[in-house]
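For reference, protein-v8.cif (mmCIF, C-alpha atoms):
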data_coords
#
loop_
_atom_site.label_atom_id
_atom_site.label_comp_id
_atom_site.auth_asym_id
_atom_site.auth_seq_id
_atom_site.Cartn_x
_atom_site.Cartn_y
_atom_site.Cartn_z
CA MET A 1 1.87 -38.63 72.62
CA LYS A 2 -1.21 -37.21 74.34
CA THR A 3 -2.41 -39.33 77.23
CA THR A 4 -5.98 -40.56 76.74
CA THR A 5 -8.28 -43.07 78.38
CA GLY A 6 -9.76 -46.13 76.70
CA ARG A 7 -13.18 -44.48 76.75
CA GLU A 8 -11.82 -41.42 74.97
CA ASP A 9 -10.15 -43.64 72.37
CA LEU A 10 -13.47 -45.36 71.70
CA LEU A 11 -15.71 -42.30 71.58
CA ARG A 12 -13.34 -39.94 69.79
CA GLY A 13 -13.95 -41.34 66.31
CA VAL A 14 -17.69 -41.69 66.78
CA TRP A 15 -18.40 -38.00 67.30
CA ARG A 16 -15.68 -35.45 68.11
CA GLU A 17 -13.31 -36.70 65.38
CA ASN A 18 -15.77 -38.48 63.10
CA PRO A 19 -13.72 -39.47 60.01
CA VAL A 20 -16.32 -38.30 57.48
CA LEU A 21 -18.30 -35.53 59.18
CA VAL A 22 -15.38 -33.84 60.98
CA GLN A 23 -12.08 -34.90 59.41
CA LEU A 24 -13.58 -35.27 55.91
CA LEU A 25 -11.70 -38.52 55.28
CA GLY A 26 -12.96 -41.48 53.25
CA LEU A 27 -15.09 -39.21 51.08
CA CYS A 28 -14.66 -41.35 47.96
CA PRO A 29 -16.95 -44.17 49.17
CA ALA A 30 -19.09 -41.75 51.18
CA LEU A 31 -20.00 -39.86 48.01
CA ALA A 32 -20.03 -42.75 45.56
CA VAL A 33 -21.87 -45.69 47.15
CA THR A 34 -24.33 -44.09 49.58
CA ASN A 35 -27.21 -43.99 47.08
CA THR A 36 -28.91 -46.78 49.07
CA VAL A 37 -28.87 -47.84 52.70
CA ALA A 38 -27.86 -51.40 51.79
CA ASN A 39 -24.79 -50.25 49.86
CA SER A 40 -23.87 -47.82 52.64
CA LEU A 41 -24.13 -50.50 55.32
CA ALA A 42 -22.10 -53.03 53.32
CA MET A 43 -19.31 -50.55 52.63
CA GLY A 44 -19.34 -49.34 56.23
CA LEU A 45 -19.11 -52.84 57.68
CA ALA A 46 -16.37 -53.85 55.22
CA THR A 47 -14.35 -50.79 56.20
CA PHE A 48 -14.99 -51.48 59.89
CA PHE A 49 -13.68 -55.05 59.46
CA VAL A 50 -10.55 -53.88 57.63
CA LEU A 51 -9.89 -51.19 60.23
CA MET A 52 -10.22 -53.60 63.15
CA GLY A 53 -8.13 -56.35 61.55
CA SER A 54 -5.33 -54.09 60.38
CA SER A 55 -5.16 -52.27 63.74
CA LEU A 56 -4.88 -55.62 65.51
CA LEU A 57 -1.96 -56.78 63.35
CA VAL A 58 -0.15 -53.45 63.21
CA SER A 59 -0.29 -53.04 66.99
CA SER A 60 0.79 -56.66 67.53
CA LEU A 61 3.72 -56.41 65.10
CA LYS A 62 4.85 -52.85 65.82
CA GLY A 63 8.05 -54.09 67.42
CA VAL A 64 8.85 -56.34 64.48
CA ILE A 65 8.12 -54.11 61.46
CA PRO A 66 11.23 -52.08 60.49
CA HIS A 67 10.64 -48.34 60.66
CA GLU A 68 11.95 -47.82 57.12
CA VAL A 69 9.29 -50.04 55.49
CA ARG A 70 6.43 -49.51 57.90
CA ILE A 71 4.10 -47.78 55.39
CA SER A 72 4.55 -50.57 52.84
CA ALA A 73 3.92 -53.15 55.56
CA TYR A 74 0.77 -51.34 56.69
CA ILE A 75 -0.57 -51.26 53.13
CA LEU A 76 0.09 -55.00 52.70
CA ILE A 77 -1.74 -55.74 55.94
CA ILE A 78 -4.68 -53.53 54.94
CA ALA A 79 -4.80 -55.11 51.46
CA THR A 80 -4.98 -58.58 53.03
CA PHE A 81 -8.09 -57.72 55.01
CA VAL A 82 -9.63 -55.90 52.04
CA THR A 83 -9.23 -59.07 49.98
CA ILE A 84 -10.98 -61.08 52.69
CA ALA A 85 -13.83 -58.53 52.87
CA ASP A 86 -14.15 -58.53 49.09
CA MET A 87 -14.47 -62.32 48.89
CA VAL A 88 -16.97 -62.46 51.77
CA LEU A 89 -19.21 -59.81 50.16
CA ALA A 90 -19.02 -61.61 46.82
CA ALA A 91 -20.12 -64.87 48.46
CA VAL A 92 -22.78 -63.50 50.84
CA VAL A 93 -24.34 -60.52 48.99
CA PRO A 94 -23.32 -60.79 45.32
CA ASP A 95 -25.76 -58.12 44.15
CA ILE A 96 -24.41 -55.54 46.59
CA HIS A 97 -20.86 -56.63 45.80
CA LYS A 98 -21.53 -55.95 42.13
CA ALA A 99 -23.05 -52.55 42.93
CA LEU A 100 -20.05 -51.52 45.02
CA GLY A 101 -17.67 -52.58 42.26
CA ALA A 102 -14.15 -51.19 42.47
CA PHE A 103 -14.87 -49.18 45.61
CA ILE A 104 -14.28 -52.26 47.75
CA ALA A 105 -10.71 -52.55 46.46
CA LEU A 106 -10.25 -48.81 47.01
CA ILE A 107 -10.55 -49.37 50.76
CA VAL A 108 -6.82 -50.15 50.54
CA VAL A 109 -6.03 -46.51 49.79
CA ASN A 110 -8.54 -45.05 52.25
CA CYS A 111 -6.39 -42.53 54.11
CA MET A 112 -8.60 -42.91 57.19
CA ILE A 113 -7.38 -46.50 57.70
CA LEU A 114 -3.72 -45.89 56.91
CA GLY A 115 -3.77 -42.77 59.06
CA ARG A 116 -5.03 -44.66 62.14
CA GLN A 117 -2.30 -47.28 61.71
CA GLU A 118 0.47 -44.68 61.46
CA ALA A 119 -0.86 -42.27 64.08
CA PHE A 120 -2.26 -44.64 66.69
CA ALA A 121 -2.09 -48.45 66.24
CA SER A 122 1.67 -48.47 65.65
CA LYS A 123 2.23 -46.61 68.94
CA ARG A 124 -0.30 -48.17 71.33
CA PRO A 125 -1.03 -51.59 72.90
CA VAL A 126 -3.41 -53.94 71.12
CA GLY A 127 -6.39 -53.20 73.39
CA ARG A 128 -6.17 -49.44 72.93
CA ALA A 129 -5.61 -49.83 69.18
CA LEU A 130 -8.78 -51.93 68.90
CA LEU A 131 -10.79 -49.36 70.89
CA ASP A 132 -9.59 -46.59 68.59
CA ALA A 133 -10.37 -48.69 65.50
CA ALA A 134 -13.83 -49.57 66.81
CA GLY A 135 -14.69 -45.93 67.50
CA THR A 136 -13.45 -44.76 64.11
CA GLY A 137 -15.20 -47.65 62.36
CA VAL A 138 -18.51 -46.98 64.11
CA GLY A 139 -18.23 -43.28 63.26
CA PHE A 140 -17.68 -44.18 59.60
CA VAL A 141 -20.67 -46.57 59.58
CA VAL A 142 -22.91 -43.93 61.19
CA ALA A 143 -21.90 -41.32 58.62
CA MET A 144 -22.45 -43.75 55.74
CA LEU A 145 -25.89 -44.77 57.03
CA LEU A 146 -26.88 -41.15 57.57
CA MET A 147 -26.02 -40.25 54.00
CA GLY A 148 -27.49 -43.45 52.58
CA THR A 149 -30.79 -42.96 54.39
CA VAL A 150 -31.22 -39.39 53.19
CA ARG A 151 -30.32 -40.23 49.60
CA GLU A 152 -32.47 -43.36 49.32
CA VAL A 153 -35.53 -41.80 50.96
CA LEU A 154 -35.39 -38.66 48.82
CA GLY A 155 -34.10 -40.34 45.67
CA ASN A 156 -36.31 -43.44 45.64
CA GLY A 157 -38.97 -42.75 48.25
CA SER A 158 -37.97 -45.99 49.96
CA LEU A 159 -35.87 -47.32 52.83
CA LEU A 160 -34.07 -50.63 52.28
CA GLY A 161 -36.28 -51.08 49.24
CA VAL A 162 -39.54 -50.59 51.18
CA PRO A 163 -41.67 -47.57 50.03
CA VAL A 164 -42.04 -45.05 52.87
CA LEU A 165 -43.32 -41.86 51.23
CA GLY A 166 -46.37 -43.24 49.43
CA SER A 167 -47.24 -43.73 45.79
CA GLY A 168 -47.79 -40.02 45.19
CA TYR A 169 -44.21 -39.05 46.01
CA GLU A 170 -42.13 -37.85 43.07
CA PRO A 171 -38.53 -39.08 43.67
CA TRP A 172 -35.66 -36.61 43.52
CA VAL A 173 -33.63 -38.57 40.99
CA VAL A 174 -30.64 -36.28 41.46
CA MET A 175 -30.19 -37.64 45.00
CA ILE A 176 -29.22 -41.11 43.77
CA LEU A 177 -26.90 -39.69 41.12
CA PRO A 178 -23.30 -38.57 41.88
CA PRO A 179 -24.30 -34.90 42.54
CA GLY A 180 -26.68 -36.14 45.23
CA GLY A 181 -23.74 -37.28 47.32
CA PHE A 182 -22.24 -33.78 47.31
CA PHE A 183 -25.61 -32.18 48.10
CA THR A 184 -26.30 -34.58 50.96
CA LEU A 185 -22.85 -34.22 52.54
CA GLY A 186 -23.02 -30.44 52.20
CA PHE A 187 -26.41 -30.18 53.91
CA ILE A 188 -25.35 -32.57 56.70
CA LEU A 189 -22.17 -30.57 57.35
CA LEU A 190 -24.23 -27.37 57.29
CA GLY A 191 -26.62 -28.84 59.86
CA PHE A 192 -23.76 -29.90 62.14
CA ALA A 193 -22.15 -26.46 61.87
CA TRP A 194 -25.44 -24.77 62.78
CA TRP A 195 -25.95 -27.10 65.74
CA ARG A 196 -22.43 -26.48 67.04
CA GLY A 197 -22.87 -22.74 66.61
CA ARG A 198 -26.06 -22.83 68.66
CA ALA A 199 -24.31 -24.90 71.35
CA GLU A 200 -21.49 -22.37 71.60
CA GLU A 201 -23.96 -19.50 71.92
CA ARG A 202 -25.68 -21.02 74.95
CA PRO A 203 -24.59 -19.09 78.05
CA ALA A 204 -22.58 -20.94 80.64
CA VAL A 205 -24.53 -21.09 83.91
CA ARG A 206 -22.83 -20.91 87.29
CA GLU A 207 -24.45 -22.42 90.38
CA TRP A 208 -24.32 -20.32 93.55
CA PRO A 209 -25.52 -21.13 97.08
CA HIS A 210 -29.26 -20.94 97.83
CA GLY A 211 -30.16 -21.85 94.23
CA VAL A 212 -29.03 -18.56 92.64
CA ARG A 213 -28.07 -19.08 88.97
CA THR A 214 -26.11 -16.47 87.02
CA SER A 215 -24.95 -16.44 83.42
CA THR A 216 -21.22 -16.13 82.80
CA ARG A 217 -21.64 -14.99 79.19
CA LYS A 218 -20.41 -11.46 78.64
CA GLU A 219 -23.13 -9.00 77.71
CA ALA A 220 -22.79 -7.42 74.30
CA ALA A 221 -21.51 -3.85 74.44
#
Could you show the structure in this file as structure tokens?
Amino acid sequence: MKTTTGREDLLRGVWRENPVLVQLLGLCPALAVTNTVANSLAMGLATFFVLMGSSLLVSSLKGVIPHEVRISAYILIIATFVTIADMVLAAVVPDIHKALGAFIALIVVNCMILGRQEAFASKRPVGRALLDAAGTGVGFVVAMLLMGTVREVLGNGSLLGVPVLGSGYEPWVVMILPPGGFFTLGFILLGFAWWRGRAEERPAVREWPHGVRTSTRKEAA
């Protein structure tokens, strides 16, 4: 196993290995329920809760769970926390719970959560497992909110139900329909790829004595 620090475990899932924008995991809810910011936030927080709870139990019980049935045990643990999240959403925000529908139950089969249990939580101490889960969960929430904001603003002209583009704005209805999820994710990934390409093109600068700065990028032939 690669040696990492707690800070790296926490920040890895937020940016460098973002589950949606980099690893392209958890795309089912990311495409289906991000038509509004409220739905995106509810799904993101529910997934964050399940990820944290399951990582805590898996890491705590890693010495007790038999290797032969570990995947089944992980799924049962995840399903337990999904059930709790489902009941809490139904009691606290029934309208959003109804809008999310079956996608709450589908958190059980989110490969992002099961993957973190198998690849990390089952092999690390509880503290490190929670840091990894928190980073991955925050990265998922950020991606969901980013997509939800774009789709609601363009599709409804509002943000959290509050009009932001004025009465003269003609909503892009397609953005709140299923194809809008694909369009939004595609444009966000395109923007990230462009930004990374620009970052790689920047010349590395070497500091020399007396303030002399030289570029280490090779000149084109």
Counting all atoms listed in the file, closest pick from A:Met147, A:Val64, A:Ala119, A:Ile75 relative to A:Thr34 is A:Met147
Under the PyMOL selection byres ((chain A and resi 89) around 12), which residues of this model are included? Write them out as a short mmCIF file (atom, residue, chain, number, x, y, z; two decimals) with C-alpha atoms, keeping the file's coordinate frame.
data_model
loop_
_atom_site.label_atom_id
_atom_site.label_comp_id
_atom_site.auth_asym_id
_atom_site.auth_seq_id
_atom_site.Cartn_x
_atom_site.Cartn_y
_atom_site.Cartn_z
CA ASN A 39 -24.79 -50.25 49.86
CA LEU A 41 -24.13 -50.50 55.32
CA ALA A 42 -22.10 -53.03 53.32
CA MET A 43 -19.31 -50.55 52.63
CA LEU A 45 -19.11 -52.84 57.68
CA ALA A 46 -16.37 -53.85 55.22
CA THR A 47 -14.35 -50.79 56.20
CA PHE A 49 -13.68 -55.05 59.46
CA VAL A 82 -9.63 -55.90 52.04
CA THR A 83 -9.23 -59.07 49.98
CA ILE A 84 -10.98 -61.08 52.69
CA ALA A 85 -13.83 -58.53 52.87
CA ASP A 86 -14.15 -58.53 49.09
CA MET A 87 -14.47 -62.32 48.89
CA VAL A 88 -16.97 -62.46 51.77
CA ALA A 90 -19.02 -61.61 46.82
CA ALA A 91 -20.12 -64.87 48.46
CA VAL A 92 -22.78 -63.50 50.84
CA VAL A 93 -24.34 -60.52 48.99
CA PRO A 94 -23.32 -60.79 45.32
CA ASP A 95 -25.76 -58.12 44.15
CA ILE A 96 -24.41 -55.54 46.59
CA HIS A 97 -20.86 -56.63 45.80
CA LYS A 98 -21.53 -55.95 42.13
CA ALA A 99 -23.05 -52.55 42.93
CA LEU A 100 -20.05 -51.52 45.02
CA GLY A 101 -17.67 -52.58 42.26
CA ILE A 104 -14.28 -52.26 47.75
CA ALA A 105 -10.71 -52.55 46.46
#
Q) Which neighbours of stretch 21-26 of chain A fall inside 8 Å, counting only C-alpha atoms, when residues of the same chain fewer than 2 positions from it are skipped, and could you give them as a PyMOL selection string? A) chain A and resi 16-19+28-30+110-112+143+189
Open item on the list: Need to verify the contact set: A:Gly168, 10 Å, all atoms listed in the file, exclusion of same-chain residues closer than 3 positions in sequence. Can you return it as a list in words?
Closed with: Gly157, Leu165 and Pro171 of chain A
Pick out the residues sitting within 9 Å of A:Glu118, and hand them over as a VMD selection string; count only C-alpha atoms, and ignore anything fewer than 4 positions along from it in its own chain.
-> chain A and resid 58 70 to 71 74 113 to 114 122 to 123
**Item:** Selection under test: the PyMOL selection byres ((chain A and resi 77) around 10); residues as a list of chain:residue names
**Value:**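 What the PyMOL selection byres ((chain A and resi 77) around 10) grabs from the file is A:Val50, A:Gly53, A:Ser54, A:Ser55, A:Leu57, A:Val58, A:Ile71, A:Ser72, A:Ala73, A:Tyr74, A:Ile75, A:Leu76, A:Ile78, A:Ala79, A:Thr80, A:Phe81, A:Val82, A:Val108.
Using only C-alpha atoms, the protein and nucleic acid residues lying no more than 10 Å from A:Phe182, apart from those fewer than 5 places from it along its own chain, are Leu27, Ala30, Leu31, Ala32, Met175, Leu177, Phe187 and Ile188 of chain A.
With atom CA of A:Val141 on one side and atom CA of A:Gly13 on the other, the separation reads 10.9 Å.
Minimum atom-to-atom distances from A:Arg128, A:Arg151, A:Arg196, A:His67 to A:Asp9 were compared using all atoms listed in the file, and the lowest value belongs to A:Arg128.
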* To do: Go through A:Ser60, A:Leu106, A:Leu154, A:Phe140 and flag the residue nearest A:Phe183, using all atoms listed in the file for the distances.
  =>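 Closest to A:Phe183, using all atoms listed in the file: A:Leu154.
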Please complete stretch 63-78 of chain A so it has N, CA and C atoms, and hand it over as a compact mmCIF listing (two decimals), in the coordinates of the input.
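Result file follows (result29.txt):
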# COMPACT_ATOMS: atom_id res chain seq x y z
N GLY A 63 6.65 -53.92 67.04
CA GLY A 63 8.05 -54.09 67.42
C GLY A 63 8.86 -54.90 66.44
N VAL A 64 8.18 -55.48 65.46
CA VAL A 64 8.85 -56.34 64.48
C VAL A 64 9.03 -55.63 63.14
N ILE A 65 8.07 -54.79 62.76
CA ILE A 65 8.12 -54.11 61.46
C ILE A 65 9.21 -53.05 61.47
N PRO A 66 10.18 -53.11 60.55
CA PRO A 66 11.23 -52.08 60.49
C PRO A 66 10.63 -50.71 60.19
N HIS A 67 11.17 -49.70 60.82
CA HIS A 67 10.64 -48.34 60.66
C HIS A 67 10.71 -47.88 59.20
N GLU A 68 11.74 -48.29 58.49
CA GLU A 68 11.95 -47.82 57.12
C GLU A 68 10.89 -48.32 56.14
N VAL A 69 10.27 -49.46 56.43
CA VAL A 69 9.29 -50.04 55.49
C VAL A 69 7.91 -50.15 56.14
N ARG A 70 7.68 -49.37 57.16
CA ARG A 70 6.43 -49.51 57.90
C ARG A 70 5.20 -49.20 57.03
N ILE A 71 5.25 -48.15 56.20
CA ILE A 71 4.10 -47.78 55.39
C ILE A 71 3.76 -48.90 54.40
N SER A 72 4.79 -49.46 53.77
CA SER A 72 4.55 -50.57 52.84
C SER A 72 3.96 -51.77 53.57
N ALA A 73 4.46 -52.03 54.77
CA ALA A 73 3.92 -53.15 55.56
C ALA A 73 2.47 -52.90 55.94
N TYR A 74 2.15 -51.66 56.33
CA TYR A 74 0.77 -51.34 56.69
C TYR A 74 -0.16 -51.55 55.50
N ILE A 75 0.27 -51.12 54.32
CA ILE A 75 -0.57 -51.26 53.13
C ILE A 75 -0.79 -52.74 52.80
N LEU A 76 0.24 -53.56 52.94
CA LEU A 76 0.09 -55.00 52.70
C LEU A 76 -0.90 -55.62 53.68
N ILE A 77 -0.81 -55.23 54.94
CA ILE A 77 -1.74 -55.74 55.94
C ILE A 77 -3.16 -55.32 55.61
N ILE A 78 -3.34 -54.03 55.29
CA ILE A 78 -4.68 -53.53 54.94
C ILE A 78 -5.22 -54.26 53.71
